[in-house]
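One file, coords22.cif, carrying mmCIF, C-alpha atoms and all ligand atoms:
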data_coords
loop_
_atom_site.label_atom_id
_atom_site.label_comp_id
_atom_site.auth_asym_id
_atom_site.auth_seq_id
_atom_site.Cartn_x
_atom_site.Cartn_y
_atom_site.Cartn_z
CA MET J 1 -13.33 0.71 -20.99
CA ASN J 2 -14.53 3.72 -18.97
CA GLU J 3 -12.36 6.65 -17.97
CA LYS J 4 -11.55 5.28 -14.55
CA GLN J 5 -10.45 1.92 -15.94
CA HIS J 6 -8.46 3.75 -18.57
CA ASP J 7 -6.63 5.83 -15.92
CA ARG J 8 -5.90 2.71 -13.93
CA GLN J 9 -4.50 1.03 -17.04
CA GLU J 10 -2.25 4.03 -17.63
CA PHE J 11 -1.12 3.92 -14.01
CA ILE J 12 -0.24 0.22 -14.28
CA SER J 13 1.79 0.78 -17.46
CA SER J 14 3.63 3.73 -15.96
CA LYS J 15 4.45 1.66 -12.88
CA LEU J 16 5.77 -1.22 -14.98
CA LYS J 17 7.90 1.20 -16.96
CA LEU J 18 9.24 2.70 -13.75
CA MET J 19 10.10 -0.76 -12.47
CA GLU J 20 11.98 -1.64 -15.67
CA ASP J 21 13.93 1.54 -15.29
CA ARG J 22 14.73 1.12 -11.59
CA CYS J 23 15.61 -2.57 -12.04
CA ARG J 24 17.99 -1.74 -14.86
CA LYS J 25 19.69 0.97 -12.80
CA SER J 26 20.01 -1.32 -9.77
CA ARG J 27 21.07 -4.25 -11.96
CA LEU J 28 18.14 -6.37 -10.85
CA SER J 29 16.62 -8.78 -13.31
CA LEU J 30 13.12 -8.16 -14.54
CA THR J 31 11.51 -11.44 -13.61
CA SER J 32 7.99 -12.40 -14.59
CA GLN J 33 7.19 -12.70 -10.89
CA ARG J 34 8.20 -9.11 -10.23
CA ARG J 35 6.08 -8.03 -13.19
CA ALA J 36 3.03 -10.00 -12.08
CA ILE J 37 3.27 -8.74 -8.50
CA LEU J 38 3.62 -5.11 -9.53
CA GLU J 39 0.80 -5.45 -12.02
CA ASN J 40 -1.44 -6.85 -9.30
CA LEU J 41 -0.47 -4.22 -6.73
CA SER J 42 -0.95 -1.35 -9.19
CA SER J 43 -4.33 -2.61 -10.31
CA ARG J 44 -5.84 -2.35 -6.83
CA THR J 45 -6.59 0.43 -4.37
CA ASP J 46 -7.25 -1.72 -1.31
CA HIS J 47 -3.70 -1.54 0.07
CA PRO J 48 -3.18 -5.30 0.11
CA THR J 49 -0.94 -7.34 2.36
CA ALA J 50 1.56 -9.75 0.80
CA ASP J 51 -0.97 -12.53 1.50
CA HIS J 52 -3.73 -10.75 -0.43
CA ILE J 53 -1.46 -10.46 -3.47
CA TYR J 54 -0.31 -14.04 -3.13
CA ALA J 55 -3.92 -15.21 -3.05
CA SER J 56 -4.78 -13.43 -6.26
CA ILE J 57 -1.76 -14.43 -8.33
CA GLN J 58 -1.01 -17.95 -7.15
CA ASP J 59 -3.31 -19.55 -9.72
CA ARG J 60 -1.47 -18.15 -12.70
CA MET J 61 2.04 -18.11 -11.22
CA THR J 62 3.28 -21.58 -10.58
CA GLY J 63 6.09 -21.83 -8.10
CA VAL J 64 5.47 -18.49 -6.46
CA SER J 65 5.46 -18.57 -2.68
CA ARG J 66 4.24 -16.17 -0.01
CA THR J 67 7.85 -15.51 0.90
CA THR J 68 8.66 -14.55 -2.69
CA VAL J 69 5.74 -12.14 -2.81
CA TYR J 70 6.81 -10.55 0.45
CA ARG J 71 10.42 -10.26 -0.68
CA VAL J 72 9.46 -8.74 -4.02
CA LEU J 73 7.24 -6.17 -2.27
CA GLU J 74 10.11 -5.23 0.03
CA THR J 75 12.30 -4.75 -3.05
CA PHE J 76 9.67 -2.44 -4.55
CA VAL J 77 9.70 -0.39 -1.36
CA GLN J 78 13.49 -0.11 -1.50
CA LEU J 79 13.32 0.92 -5.16
CA ARG J 80 10.60 3.43 -4.21
CA ILE J 81 8.13 1.91 -6.62
CA ALA J 82 5.71 1.16 -3.80
CA GLN J 83 5.25 2.22 -0.22
CA LYS J 84 4.69 0.27 2.91
CA ILE J 85 1.97 1.55 5.19
CA SER J 86 2.11 1.14 8.89
CA SER J 87 -1.15 -0.23 10.17
CA PRO J 88 -2.61 -1.12 13.54
CA GLU J 89 -2.54 -4.78 12.55
CA ALA J 90 0.74 -6.64 12.55
CA LYS J 91 0.76 -7.18 8.80
CA ALA J 92 2.30 -4.60 6.49
CA ARG J 93 0.09 -3.16 3.77
CA PHE J 94 1.45 -2.07 0.42
CA ASP J 95 0.52 0.75 -1.94
CA ALA J 96 1.71 1.34 -5.51
CA ASP J 97 0.69 4.98 -5.12
CA THR J 98 3.86 6.59 -3.79
CA SER J 99 2.51 10.13 -3.98
CA ARG J 100 2.08 11.85 -0.63
CA HIS J 101 -1.21 10.87 0.98
CA HIS J 102 -2.55 9.47 4.24
CA HIS J 103 -4.58 6.42 5.20
CA ALA J 104 -7.61 5.54 7.25
CA SER J 105 -7.65 2.05 8.68
CA CYS J 106 -10.81 0.29 9.87
CA LEU J 107 -10.26 -1.51 13.16
CA SER J 108 -12.97 -4.02 12.41
CA CYS J 109 -12.69 -5.17 8.78
CA GLU J 110 -9.07 -3.94 8.39
CA LYS J 111 -9.93 -2.02 5.25
CA VAL J 112 -7.42 0.74 4.41
CA ILE J 113 -8.58 3.75 2.41
CA ASP J 114 -6.76 6.77 1.03
CA ILE J 115 -7.01 10.21 2.56
CA ASP J 116 -6.11 13.15 0.36
CA ALA J 117 -2.91 14.79 1.64
CA THR J 118 -4.55 18.23 1.62
CA LEU J 119 -7.05 17.14 4.29
CA LEU J 120 -4.42 16.94 6.99
CA PRO J 121 -1.90 19.59 7.95
CA ASP J 122 1.78 19.13 7.15
CA VAL J 123 3.94 18.58 10.17
CA HIS J 124 7.24 20.34 10.38
CA LEU J 125 9.43 18.64 12.88
CA LYS J 126 12.92 19.82 13.59
CA LYS J 127 15.78 17.48 14.39
CA ASN J 128 15.71 18.28 18.07
CA ASP J 129 12.01 17.58 18.39
CA ILE J 130 12.54 13.83 18.17
CA ASP J 131 15.89 13.18 19.81
CA GLY J 132 18.00 14.09 16.78
CA PHE J 133 15.89 12.09 14.36
CA GLU J 134 15.82 13.50 10.85
CA VAL J 135 12.40 13.28 9.22
CA PHE J 136 12.27 12.61 5.46
CA ASP J 137 8.54 12.32 5.15
CA SER J 138 5.52 11.92 7.36
CA SER J 139 2.15 10.41 6.79
CA PHE J 140 -0.70 9.64 9.11
CA VAL J 141 -2.76 6.55 9.72
CA VAL J 142 -6.16 7.44 11.04
CA VAL J 143 -7.91 4.59 12.83
CA GLY J 144 -11.61 4.07 13.36
CA LEU J 145 -14.56 2.29 11.81
CA CYS J 146 -15.57 2.44 8.15
CA LYS J 147 -19.14 3.25 7.16
CA GLU J 148 -19.98 -0.38 6.35
CA CYS J 149 -18.83 -1.51 9.81
CA LEU J 150 -20.60 1.39 11.49
CA SER J 151 -23.84 0.26 9.95
CA THR J 152 -23.37 -3.18 11.46
CA ASP J 153 -24.79 -2.81 14.96
CA GLY J 154 -22.72 -5.45 16.72
CA VAL J 155 -19.45 -4.18 15.31
CA ALA J 156 -20.09 -0.61 16.38
CA ARG J 157 -20.99 -1.78 19.90
CA THR J 158 -17.85 -3.86 20.22
CA PHE J 159 -15.58 -0.98 19.35
CA LYS J 160 -17.38 1.93 20.93
CA TYR J 161 -16.81 0.87 24.48
CA ASN J 162 -16.21 4.33 25.89
ZN ZN J 201 -14.76 -1.70 8.32
ZN ZN J 202 -2.82 4.75 -0.32
#
Please go through the file and, once you have read it, give me the structure as structure tokens.
Amino acid sequence: MNEKQHDRQEFISSKLKLMEDRCRKSRLSLTSQRRAILENLSSRTDHPTADHIYASIQDRMTGVSRTTVYRVLETFVQLRIAQKISSPEAKARFDADTSRHHHASCLSCEKVIDIDATLLPDVHLKKNDIDGFEVFDSSFVVVGLCKECLSTDGVARTFKYN
């Protein structure tokens, strides 16, 4: 196991521990489905949709449905174990990394990659700036084309219409 894999393994175990803790406090049962879904989400950095997770666990989890996966992910968001990322597509993307960071979303292949929080300035919005809305946190989604899509001629032409 190299260092990167080792760090990922540590991250997965810390996430599972956190879930056990949060579930206990919220009196939610620690089902094997919740475990499998969190394990899958924490093991990846591609900001999957509920469908992506469903596709990768359905073989070993009999009786799990897309709806279950979606519901479990929503529970994780409520328990603040995971975050939901707004994206230009209709489908929500999920991230087990709840530390403050931003995302770049490719309009062509729909890939979502992390942007270090220090690369973008913090916004300080006051209540009156947005019609009395109180901001708890803010993150940005930067949209564009990833380098793989940019190197595909046709894709770049389709999107760079202006
Ligand atoms: Zn792309
Ligand atoms: Zn992320």
In Å, with one decimal, what is the gap from atom CA of Ile57 of chain J to atom CA of Ala36 of chain J? 7.5 Å
Which protein, DNA or RNA residues have an atom at most 7 Å from (-15.2, 2.8, 13.6), counting all atoms listed in the file? List them as a ChimeraX atom specification. /J:106-107,144-146,149-150,156,159
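Nearest residue to Lys84 of chain J among J:Pro48, J:Gly132, J:Pro121, J:Gly154 is J:Pro48, counting all atoms listed in the file.
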Taking only residues of segment 20-127 of chain J that have an atom at most 7 Å from an atom of segment 11-15 of chain J, what is each one's shortest atom pair and its distance in Å to one decimal, using only C-alpha atoms, in chain and number order, as a Markdown table?
| residue | atom | partner | partner_atom | distance |
| --- | --- | --- | --- | --- |
| J:Glu39 | CA | J:Ile12 | CA | 6.2 |
| J:Ser42 | CA | J:Ile12 | CA | 5.4 |
| J:Ser43 | CA | J:Ile12 | CA | 6.4 |
Please list as a PyMOL selection string every residue within 12 Å of Phe136 of chain J, counting all atoms listed in the file and excluding residues in the same chain fewer than 6 positions away. chain J and resi 100+123-127
Within-7 Å shell of (3.6, 14.3, 10.3) in input frame, all atoms listed in the file, as a VMD selection string: chain J and resid 122 to 123 138 to 140
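Coordinates place atom CA of His101 of chain J at a distance of 19.9 Å from atom ZN of ligand ZN 201 (chain J).
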As a PDB file, keeping the file's coordinate frame, the rebuilt segment 96-123 of chain J with N, CA and C atoms:
ATOM      1  N   ALA J  96       0.915   0.961  -4.336  1.00  0.00           N
ATOM      2  CA  ALA J  96       1.710   1.340  -5.510  1.00  0.00           C
ATOM      3  C   ALA J  96       1.677   2.849  -5.714  1.00  0.00           C
ATOM      4  N   ASP J  97       0.765   3.529  -5.030  1.00  0.00           N
ATOM      5  CA  ASP J  97       0.690   4.980  -5.120  1.00  0.00           C
ATOM      6  C   ASP J  97       1.696   5.573  -4.141  1.00  0.00           C
ATOM      7  N   THR J  98       2.823   6.070  -4.677  1.00  0.00           N
ATOM      8  CA  THR J  98       3.860   6.590  -3.790  1.00  0.00           C
ATOM      9  C   THR J  98       3.746   8.110  -3.625  1.00  0.00           C
ATOM     10  N   SER J  99       2.682   8.696  -4.182  1.00  0.00           N
ATOM     11  CA  SER J  99       2.510  10.130  -3.980  1.00  0.00           C
ATOM     12  C   SER J  99       2.115  10.355  -2.515  1.00  0.00           C
ATOM     13  N   ARG J 100       2.340  11.582  -2.034  1.00  0.00           N
ATOM     14  CA  ARG J 100       2.080  11.850  -0.630  1.00  0.00           C
ATOM     15  C   ARG J 100       0.579  11.818  -0.339  1.00  0.00           C
ATOM     16  N   HIS J 101       0.172  10.921   0.512  1.00  0.00           N
ATOM     17  CA  HIS J 101      -1.210  10.870   0.980  1.00  0.00           C
ATOM     18  C   HIS J 101      -1.262  10.100   2.292  1.00  0.00           C
ATOM     19  N   HIS J 102      -2.405  10.132   2.937  1.00  0.00           N
ATOM     20  CA  HIS J 102      -2.550   9.470   4.240  1.00  0.00           C
ATOM     21  C   HIS J 102      -3.548   8.328   4.131  1.00  0.00           C
ATOM     22  N   HIS J 103      -3.693   7.584   5.225  1.00  0.00           N
ATOM     23  CA  HIS J 103      -4.580   6.420   5.200  1.00  0.00           C
ATOM     24  C   HIS J 103      -5.501   6.346   6.398  1.00  0.00           C
ATOM     25  N   ALA J 104      -6.671   5.816   6.164  1.00  0.00           N
ATOM     26  CA  ALA J 104      -7.610   5.540   7.250  1.00  0.00           C
ATOM     27  C   ALA J 104      -7.770   4.033   7.319  1.00  0.00           C
ATOM     28  N   SER J 105      -7.609   3.495   8.514  1.00  0.00           N
ATOM     29  CA  SER J 105      -7.650   2.050   8.680  1.00  0.00           C
ATOM     30  C   SER J 105      -8.819   1.651   9.572  1.00  0.00           C
ATOM     31  N   CYS J 106      -9.646   0.722   9.087  1.00  0.00           N
ATOM     32  CA  CYS J 106     -10.810   0.290   9.870  1.00  0.00           C
ATOM     33  C   CYS J 106     -10.387  -0.797  10.851  1.00  0.00           C
ATOM     34  N   LEU J 107     -10.668  -0.568  12.110  1.00  0.00           N
ATOM     35  CA  LEU J 107     -10.260  -1.510  13.160  1.00  0.00           C
ATOM     36  C   LEU J 107     -11.014  -2.820  13.094  1.00  0.00           C
ATOM     37  N   SER J 108     -12.180  -2.810  12.450  1.00  0.00           N
ATOM     38  CA  SER J 108     -12.970  -4.020  12.410  1.00  0.00           C
ATOM     39  C   SER J 108     -12.681  -4.877  11.181  1.00  0.00           C
ATOM     40  N   CYS J 109     -12.882  -4.336   9.975  1.00  0.00           N
ATOM     41  CA  CYS J 109     -12.690  -5.170   8.780  1.00  0.00           C
ATOM     42  C   CYS J 109     -11.289  -5.014   8.197  1.00  0.00           C
ATOM     43  N   GLU J 110     -10.460  -4.146   8.781  1.00  0.00           N
ATOM     44  CA  GLU J 110      -9.070  -3.940   8.390  1.00  0.00           C
ATOM     45  C   GLU J 110      -8.917  -3.326   6.996  1.00  0.00           C
ATOM     46  N   LYS J 111      -9.995  -2.720   6.522  1.00  0.00           N
ATOM     47  CA  LYS J 111      -9.930  -2.020   5.250  1.00  0.00           C
ATOM     48  C   LYS J 111      -9.035  -0.782   5.407  1.00  0.00           C
ATOM     49  N   VAL J 112      -8.260  -0.462   4.360  1.00  0.00           N
ATOM     50  CA  VAL J 112      -7.420   0.740   4.410  1.00  0.00           C
ATOM     51  C   VAL J 112      -7.804   1.629   3.231  1.00  0.00           C
ATOM     52  N   ILE J 113      -8.209   2.848   3.502  1.00  0.00           N
ATOM     53  CA  ILE J 113      -8.580   3.750   2.410  1.00  0.00           C
ATOM     54  C   ILE J 113      -7.704   4.996   2.381  1.00  0.00           C
ATOM     55  N   ASP J 114      -7.591   5.593   1.200  1.00  0.00           N
ATOM     56  CA  ASP J 114      -6.760   6.770   1.030  1.00  0.00           C
ATOM     57  C   ASP J 114      -7.398   8.029   1.601  1.00  0.00           C
ATOM     58  N   ILE J 115      -6.561   8.893   2.142  1.00  0.00           N
ATOM     59  CA  ILE J 115      -7.010  10.210   2.560  1.00  0.00           C
ATOM     60  C   ILE J 115      -6.165  11.215   1.775  1.00  0.00           C
ATOM     61  N   ASP J 116      -6.815  12.126   1.110  1.00  0.00           N
ATOM     62  CA  ASP J 116      -6.110  13.150   0.360  1.00  0.00           C
ATOM     63  C   ASP J 116      -5.151  13.922   1.284  1.00  0.00           C
ATOM     64  N   ALA J 117      -3.926  14.135   0.816  1.00  0.00           N
ATOM     65  CA  ALA J 117      -2.910  14.790   1.640  1.00  0.00           C
ATOM     66  C   ALA J 117      -3.339  16.185   2.096  1.00  0.00           C
ATOM     67  N   THR J 118      -4.167  16.858   1.280  1.00  0.00           N
ATOM     68  CA  THR J 118      -4.550  18.230   1.620  1.00  0.00           C
ATOM     69  C   THR J 118      -5.529  18.297   2.806  1.00  0.00           C
ATOM     70  N   LEU J 119      -6.095  17.154   3.181  1.00  0.00           N
ATOM     71  CA  LEU J 119      -7.050  17.140   4.290  1.00  0.00           C
ATOM     72  C   LEU J 119      -6.390  17.236   5.661  1.00  0.00           C
ATOM     73  N   LEU J 120      -5.113  16.895   5.710  1.00  0.00           N
ATOM     74  CA  LEU J 120      -4.420  16.940   6.990  1.00  0.00           C
ATOM     75  C   LEU J 120      -3.252  17.917   6.915  1.00  0.00           C
ATOM     76  N   PRO J 121      -2.984  18.604   7.997  1.00  0.00           N
ATOM     77  CA  PRO J 121      -1.900  19.590   7.950  1.00  0.00           C
ATOM     78  C   PRO J 121      -0.525  18.926   7.835  1.00  0.00           C
ATOM     79  N   ASP J 122       0.406  19.619   7.211  1.00  0.00           N
ATOM     80  CA  ASP J 122       1.780  19.130   7.150  1.00  0.00           C
ATOM     81  C   ASP J 122       2.414  19.302   8.525  1.00  0.00           C
ATOM     82  N   VAL J 123       3.233  18.363   8.915  1.00  0.00           N
ATOM     83  CA  VAL J 123       3.940  18.580  10.170  1.00  0.00           C
ATOM     84  C   VAL J 123       5.372  18.982   9.854  1.00  0.00           C
TER      85      VAL J 123
END
